[in-house]
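Everything on this sheet refers to the single structure shown next.
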Amino acid sequence: MRLVIQRVLSASVDIAGVRKSTIGNGMLILVGICDEDTDEDIEYLCQKVIKLRIFDDAEGVMNLPVTDISDSGILVVSQFTLMASTKKGNRPSYIHASRPEFAVPMYEKFVARLCTLSGKEVLTGEFGADMQVTLVNDGPVTIIMDSQLRERF
């Protein structure tokens with residue numbers, strides 16, 4: 001499972017010209033899922049996301065997780081292109097991206113677990129839809145995590 005996490009001042013998802021979700025200050029999380037992903041990957045990434053200290057404290061130092069920001073939002077958007085392989089040629093291959101029958105339940109588990117751990121409502125896009133995602137990246141702060149390439153600190 002691969003995530004791109006962006007600290008945002010605002011983010012929204014529109015589908016066919018209709019606003020599906022919108023948040024103010026918070027996190028926009030793009031999620032790519034592969035067939036090797038498990039519930040353990042979901043748990044690992046959700047634990048990391050809610051503890052990720054990327055929000056400013058009173059001194060302006062990135063020292064606070066999203067759970068410490070009372071009015072923050074979380075928006076999760078599925079994005080199969082995160083699993084792109086660019087090893088050969090110039091046309092990306094998406095062979096590593098899971099098919100919807102596997103990816104949708106994993107995506108839903110990820111969103112549900114993130115909601116439980118954060119204590120916040122987690123808004124979403126619509127899996128498989130042609131979405132227009134708008135964001136104002138704050139910082140910019142963008143973090144990439146891959147559960148298959150776990151870093152140990």
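Identifiers for the structure tokens are assigned positionally: chains receive A, B, ... in sequence, residues are indexed from 1 per chain, and ligands are indexed from 1 in the order shown.
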
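Excluding Thr134 of chain A itself and any same-chain residue fewer than 6 positions from it, the protein and nucleic acid residues within 10 Å of it, counting only C-alpha atoms, are Ser10, Ala11, Ser12, Val13, Asp14, Thr22 and Leu28 of chain A.
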
Open item on the list: Quick one: residues within 7 Å of Ile54 of chain A, only C-alpha atoms, excluding same-chain residues fewer than 2 positions away - as a PyMOL selection string?
Closed with: chain A and resi 52+56+62-65

Just write the chosen residues, N, CA, C and O atoms, as a PDB file, in the first residue's frame.
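The new file out27.pdb reads:
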ATOM      1  N   LEU A  52       1.934  11.043  12.707  1.00  0.00           N
ATOM      2  CA  LEU A  52       2.865  11.825  11.892  1.00  0.00           C
ATOM      3  C   LEU A  52       2.839  13.291  12.313  1.00  0.00           C
ATOM      4  O   LEU A  52       1.816  13.960  12.198  1.00  0.00           O
ATOM      5  N   ASP A  56       2.231  22.447  12.700  1.00  0.00           N
ATOM      6  CA  ASP A  56       3.003  23.374  13.524  1.00  0.00           C
ATOM      7  C   ASP A  56       2.450  23.495  14.936  1.00  0.00           C
ATOM      8  O   ASP A  56       1.233  23.569  15.144  1.00  0.00           O
ATOM      9  N   MET A  62       7.098  21.921  13.204  1.00  0.00           N
ATOM     10  CA  MET A  62       6.263  20.750  12.874  1.00  0.00           C
ATOM     11  C   MET A  62       6.451  19.716  13.980  1.00  0.00           C
ATOM     12  O   MET A  62       7.425  18.966  13.989  1.00  0.00           O
ATOM     13  N   ASN A  63       5.499  19.706  14.898  1.00  0.00           N
ATOM     14  CA  ASN A  63       5.639  18.883  16.095  1.00  0.00           C
ATOM     15  C   ASN A  63       4.323  18.233  16.518  1.00  0.00           C
ATOM     16  O   ASN A  63       4.297  17.527  17.515  1.00  0.00           O
ATOM     17  N   LEU A  64       3.240  18.488  15.770  1.00  0.00           N
ATOM     18  CA  LEU A  64       1.932  17.994  16.177  1.00  0.00           C
ATOM     19  C   LEU A  64       1.336  17.043  15.131  1.00  0.00           C
ATOM     20  O   LEU A  64       1.434  17.301  13.934  1.00  0.00           O
ATOM     21  N   PRO A  65       0.683  15.972  15.599  1.00  0.00           N
ATOM     22  CA  PRO A  65      -0.042  15.100  14.671  1.00  0.00           C
ATOM     23  C   PRO A  65      -1.431  15.671  14.387  1.00  0.00           C
ATOM     24  O   PRO A  65      -1.913  16.559  15.093  1.00  0.00           O
TER      25      PRO A  65
END

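Distance-wise, atom CA of Ser78 of chain A and atom CA of Gly17 of chain A end up 18.3 Å apart.
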
TODO: Excluding Ser72 of chain A and any residue of its chain fewer than 6 positions from it, enumerate the residues within 12 Å of it, using only C-alpha atoms, and give them as a PyMOL selection string.
DONE: chain A and resi 7-11+22-28+50+55+64-66+118-123

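Residues in contact with Ile42 of chain A at up to 8 Å, not including ones fewer than 2 positions away on its chain and judged by only C-alpha atoms, are Met1, Asp37, Thr38, Asp39, Glu40, Tyr44, Leu45, Cys46, Met106, Lys109, Phe110 and Arg113 of chain A.
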
Output file for the residues above (C-alpha atoms, as a JSON list (two decimals), in the first residue's frame):
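Output contents, as saved in selection-v7.json:
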[["chain", "number", "residue", "atom", "x", "y", "z"],
["A", 1, "MET", "CA", 0.00, 0.00, 0.00],
["A", 37, "ASP", "CA", -1.37, -5.62, 0.83],
["A", 38, "THR", "CA", -2.80, -7.03, 4.06],
["A", 39, "ASP", "CA", -4.63, -5.86, 7.15],
["A", 40, "GLU", "CA", -1.18, -5.55, 8.75],
["A", 44, "TYR", "CA", 0.97, -0.03, 10.10],
["A", 45, "LEU", "CA", 0.12, 2.90, 7.81],
["A", 46, "CYS", "CA", -2.85, 4.14, 9.82],
["A", 106, "MET", "CA", -8.94, -2.73, 1.42],
["A", 109, "LYS", "CA", -10.84, -0.91, 5.74],
["A", 110, "PHE", "CA", -8.12, 1.74, 5.53],
["A", 113, "ARG", "CA", -9.37, 2.19, 10.63]]

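Pairwise distance (atom CA of Gly125 of chain A, atom CA of Leu75 of chain A) equals 7.8 Å.
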
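Atom CA of Gln6 of chain A is found 6.5 Å from atom CA of Ile143 of chain A.
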
Open item on the list: What's around Ile29 of chain A at 8 Å? Count only C-alpha atoms, leave out sequence neighbours fewer than 6 positions away in its own chain, and write the answer as a list of chain:residue names.
Closed with: A:Leu3, A:Val4, A:Ile5, A:Gln6, A:Ile74, A:Leu75, A:Val76, A:Val77

Any chance you could export the current selection's C-alpha atoms as a PDB file, in the first residue's frame?
ATOM      1  CA  LEU A   3       0.369   6.712   0.397  1.00  0.00           C
ATOM      2  CA  VAL A   4       1.030  10.289  -0.578  1.00  0.00           C
ATOM      3  CA  ILE A   5       0.166  12.482   2.400  1.00  0.00           C
ATOM      4  CA  GLN A   6      -0.160  16.213   1.907  1.00  0.00           C
ATOM      5  CA  ILE A  74      -8.768  14.077   6.717  1.00  0.00           C
ATOM      6  CA  LEU A  75      -9.638  13.383   3.084  1.00  0.00           C
ATOM      7  CA  VAL A  76      -8.693   9.989   1.580  1.00  0.00           C
ATOM      8  CA  VAL A  77      -8.721   9.492  -2.193  1.00  0.00           C
TER       9      VAL A  77
END

Give me the segment 19-49 of chain A side of the contact with segment 100-103 of chain A, cut-off 12 Å, one line per residue showing its nearest atom pair and distance in Å at one decimal, counting only C-alpha atoms, sorted by chain and residue number, as JSON lines.
{"residue": "A:Val31", "atom": "CA", "partner": "A:Ala103", "partner_atom": "CA", "distance": 10.1}
{"residue": "A:Gly32", "atom": "CA", "partner": "A:Ala103", "partner_atom": "CA", "distance": 8.6}
{"residue": "A:Ile33", "atom": "CA", "partner": "A:Ala103", "partner_atom": "CA", "distance": 6.0}
{"residue": "A:Cys34", "atom": "CA", "partner": "A:Ala103", "partner_atom": "CA", "distance": 7.4}
{"residue": "A:Asp35", "atom": "CA", "partner": "A:Phe102", "partner_atom": "CA", "distance": 7.2}
{"residue": "A:Glu36", "atom": "CA", "partner": "A:Phe102", "partner_atom": "CA", "distance": 10.2}
{"residue": "A:Asp37", "atom": "CA", "partner": "A:Ala103", "partner_atom": "CA", "distance": 9.2}
{"residue": "A:Thr38", "atom": "CA", "partner": "A:Phe102", "partner_atom": "CA", "distance": 10.5}

TODO: Looking only at alpha helix (DSSP H) from DSSP on the backbone, list the matching residues of chain A as number ranges by chain.
DONE: A: 39-51, 100-118

Those selected residues, please, written with N, CA, C and O atoms and delivered as a CSV table (one decimal), in the first residue's frame.
chain,number,residue,atom,x,y,z
A,39,ASP,N,-4.1,-6.6,6.0
A,39,ASP,CA,-4.6,-5.9,7.2
A,39,ASP,C,-3.5,-5.3,8.0
A,39,ASP,O,-3.6,-4.2,8.6
A,40,GLU,N,-2.4,-6.0,8.0
A,40,GLU,CA,-1.2,-5.5,8.7
A,40,GLU,C,-0.6,-4.3,8.1
A,40,GLU,O,-0.2,-3.3,8.8
A,41,ASP,N,-0.7,-4.2,6.8
A,41,ASP,CA,-0.2,-3.0,6.1
A,41,ASP,C,-1.2,-1.8,6.5
A,41,ASP,O,-0.7,-0.7,6.7
A,42,ILE,N,-2.4,-2.1,6.5
A,42,ILE,CA,-3.4,-1.0,6.9
A,42,ILE,C,-3.1,-0.5,8.3
A,42,ILE,O,-3.0,0.7,8.5
A,43,GLU,N,-2.9,-1.4,9.2
A,43,GLU,CA,-2.7,-1.0,10.6
A,43,GLU,C,-1.4,-0.2,10.7
A,43,GLU,O,-1.3,0.8,11.4
A,44,TYR,N,-0.3,-0.7,10.1
A,44,TYR,CA,1.0,0.0,10.1
A,44,TYR,C,0.8,1.4,9.6
A,44,TYR,O,1.3,2.4,10.2
A,45,LEU,N,0.2,1.6,8.4
A,45,LEU,CA,0.1,2.9,7.8
A,45,LEU,C,-0.8,3.8,8.6
A,45,LEU,O,-0.5,5.0,8.8
A,46,CYS,N,-1.9,3.3,9.1
A,46,CYS,CA,-2.9,4.1,9.8
A,46,CYS,C,-2.2,4.6,11.1
A,46,CYS,O,-2.4,5.8,11.5
A,47,GLN,N,-1.5,3.7,11.8
A,47,GLN,CA,-0.8,4.1,13.0
A,47,GLN,C,0.2,5.2,12.7
A,47,GLN,O,0.4,6.2,13.5
A,48,LYS,N,1.0,5.1,11.6
A,48,LYS,CA,2.0,6.1,11.2
A,48,LYS,C,1.3,7.4,10.9
A,48,LYS,O,1.8,8.5,11.3
A,49,VAL,N,0.2,7.4,10.1
A,49,VAL,CA,-0.5,8.6,9.7
A,49,VAL,C,-1.0,9.4,10.9
A,49,VAL,O,-0.7,10.6,10.9
A,50,ILE,N,-1.6,8.8,11.8
A,50,ILE,CA,-2.2,9.6,12.9
A,50,ILE,C,-1.2,10.1,13.9
A,50,ILE,O,-1.4,11.0,14.6
A,51,LYS,N,0.0,9.5,13.8
A,51,LYS,CA,1.1,10.0,14.7
A,51,LYS,C,2.1,10.9,14.0
A,51,LYS,O,3.0,11.4,14.6
A,100,PRO,N,-10.5,-3.9,-8.6
A,100,PRO,CA,-11.5,-3.3,-7.6
A,100,PRO,C,-12.0,-4.4,-6.6
A,100,PRO,O,-12.3,-4.0,-5.5
A,101,GLU,N,-12.2,-5.6,-7.0
A,101,GLU,CA,-12.7,-6.6,-6.1
A,101,GLU,C,-11.8,-6.8,-4.9
A,101,GLU,O,-12.3,-7.2,-3.8
A,102,PHE,N,-10.5,-6.6,-5.0
A,102,PHE,CA,-9.6,-6.6,-3.9
A,102,PHE,C,-9.4,-5.2,-3.3
A,102,PHE,O,-9.4,-5.0,-2.1
A,103,ALA,N,-9.2,-4.2,-4.1
A,103,ALA,CA,-8.9,-2.9,-3.7
A,103,ALA,C,-10.0,-2.2,-2.9
A,103,ALA,O,-9.7,-1.5,-1.9
A,104,VAL,N,-11.2,-2.3,-3.4
A,104,VAL,CA,-12.3,-1.6,-2.7
A,104,VAL,C,-12.4,-2.0,-1.2
A,104,VAL,O,-12.5,-1.1,-0.3
A,105,PRO,N,-12.5,-3.3,-0.9
A,105,PRO,CA,-12.6,-3.6,0.6
A,105,PRO,C,-11.3,-3.2,1.3
A,105,PRO,O,-11.5,-2.7,2.5
A,106,MET,N,-10.1,-3.2,0.7
A,106,MET,CA,-8.9,-2.7,1.4
A,106,MET,C,-9.0,-1.2,1.7
A,106,MET,O,-8.7,-0.7,2.7
A,107,TYR,N,-9.5,-0.5,0.7
A,107,TYR,CA,-9.6,1.0,0.8
A,107,TYR,C,-10.6,1.3,1.9
A,107,TYR,O,-10.4,2.2,2.7
A,108,GLU,N,-11.7,0.6,1.9
A,108,GLU,CA,-12.7,0.8,2.9
A,108,GLU,C,-12.2,0.5,4.3
A,108,GLU,O,-12.5,1.2,5.3
A,109,LYS,N,-11.4,-0.6,4.4
A,109,LYS,CA,-10.8,-0.9,5.7
A,109,LYS,C,-9.9,0.2,6.2
A,109,LYS,O,-9.8,0.5,7.4
A,110,PHE,N,-9.1,0.7,5.2
A,110,PHE,CA,-8.1,1.7,5.5
A,110,PHE,C,-8.9,3.0,6.1
A,110,PHE,O,-8.5,3.5,7.1
A,111,VAL,N,-9.9,3.4,5.4
A,111,VAL,CA,-10.7,4.6,5.8
A,111,VAL,C,-11.3,4.3,7.2
A,111,VAL,O,-11.2,5.2,8.1
A,112,ALA,N,-11.9,3.2,7.4
A,112,ALA,CA,-12.5,2.9,8.7
A,112,ALA,C,-11.5,2.9,9.8
A,112,ALA,O,-11.8,3.4,10.9
A,113,ARG,N,-10.4,2.3,9.6
A,113,ARG,CA,-9.4,2.2,10.6
A,113,ARG,C,-8.8,3.6,10.9
A,113,ARG,O,-8.6,3.9,12.1
A,114,LEU,N,-8.6,4.4,9.9
A,114,LEU,CA,-8.1,5.7,10.1
A,114,LEU,C,-9.1,6.6,10.9
A,114,LEU,O,-8.7,7.3,11.8
A,115,CYS,N,-10.4,6.4,10.6
A,115,CYS,CA,-11.4,7.0,11.4
A,115,CYS,C,-11.4,6.6,12.8
A,115,CYS,O,-11.5,7.5,13.7
A,116,THR,N,-11.3,5.3,13.1
A,116,THR,CA,-11.3,4.8,14.5
A,116,THR,C,-10.1,5.4,15.2
A,116,THR,O,-10.2,5.9,16.4
A,117,LEU,N,-8.9,5.3,14.6
A,117,LEU,CA,-7.7,5.7,15.4
A,117,LEU,C,-7.6,7.2,15.5
A,117,LEU,O,-7.1,7.7,16.6
A,118,SER,N,-8.1,8.0,14.6
A,118,SER,CA,-8.0,9.4,14.7
A,118,SER,C,-9.1,10.0,15.5
A,118,SER,O,-8.9,11.2,16.0

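With only C-alpha atoms as the atoms that count, the residue of A:Arg99, A:Arg19, A:Arg150, A:Arg2 with the shortest distance to Met83 of chain A is A:Arg2.
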
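Using only C-alpha atoms, the nearest neighbour of Ile15 of chain A within the list A:Asp71, A:Asp138, A:Asp57, A:Asp130 is A:Asp130.
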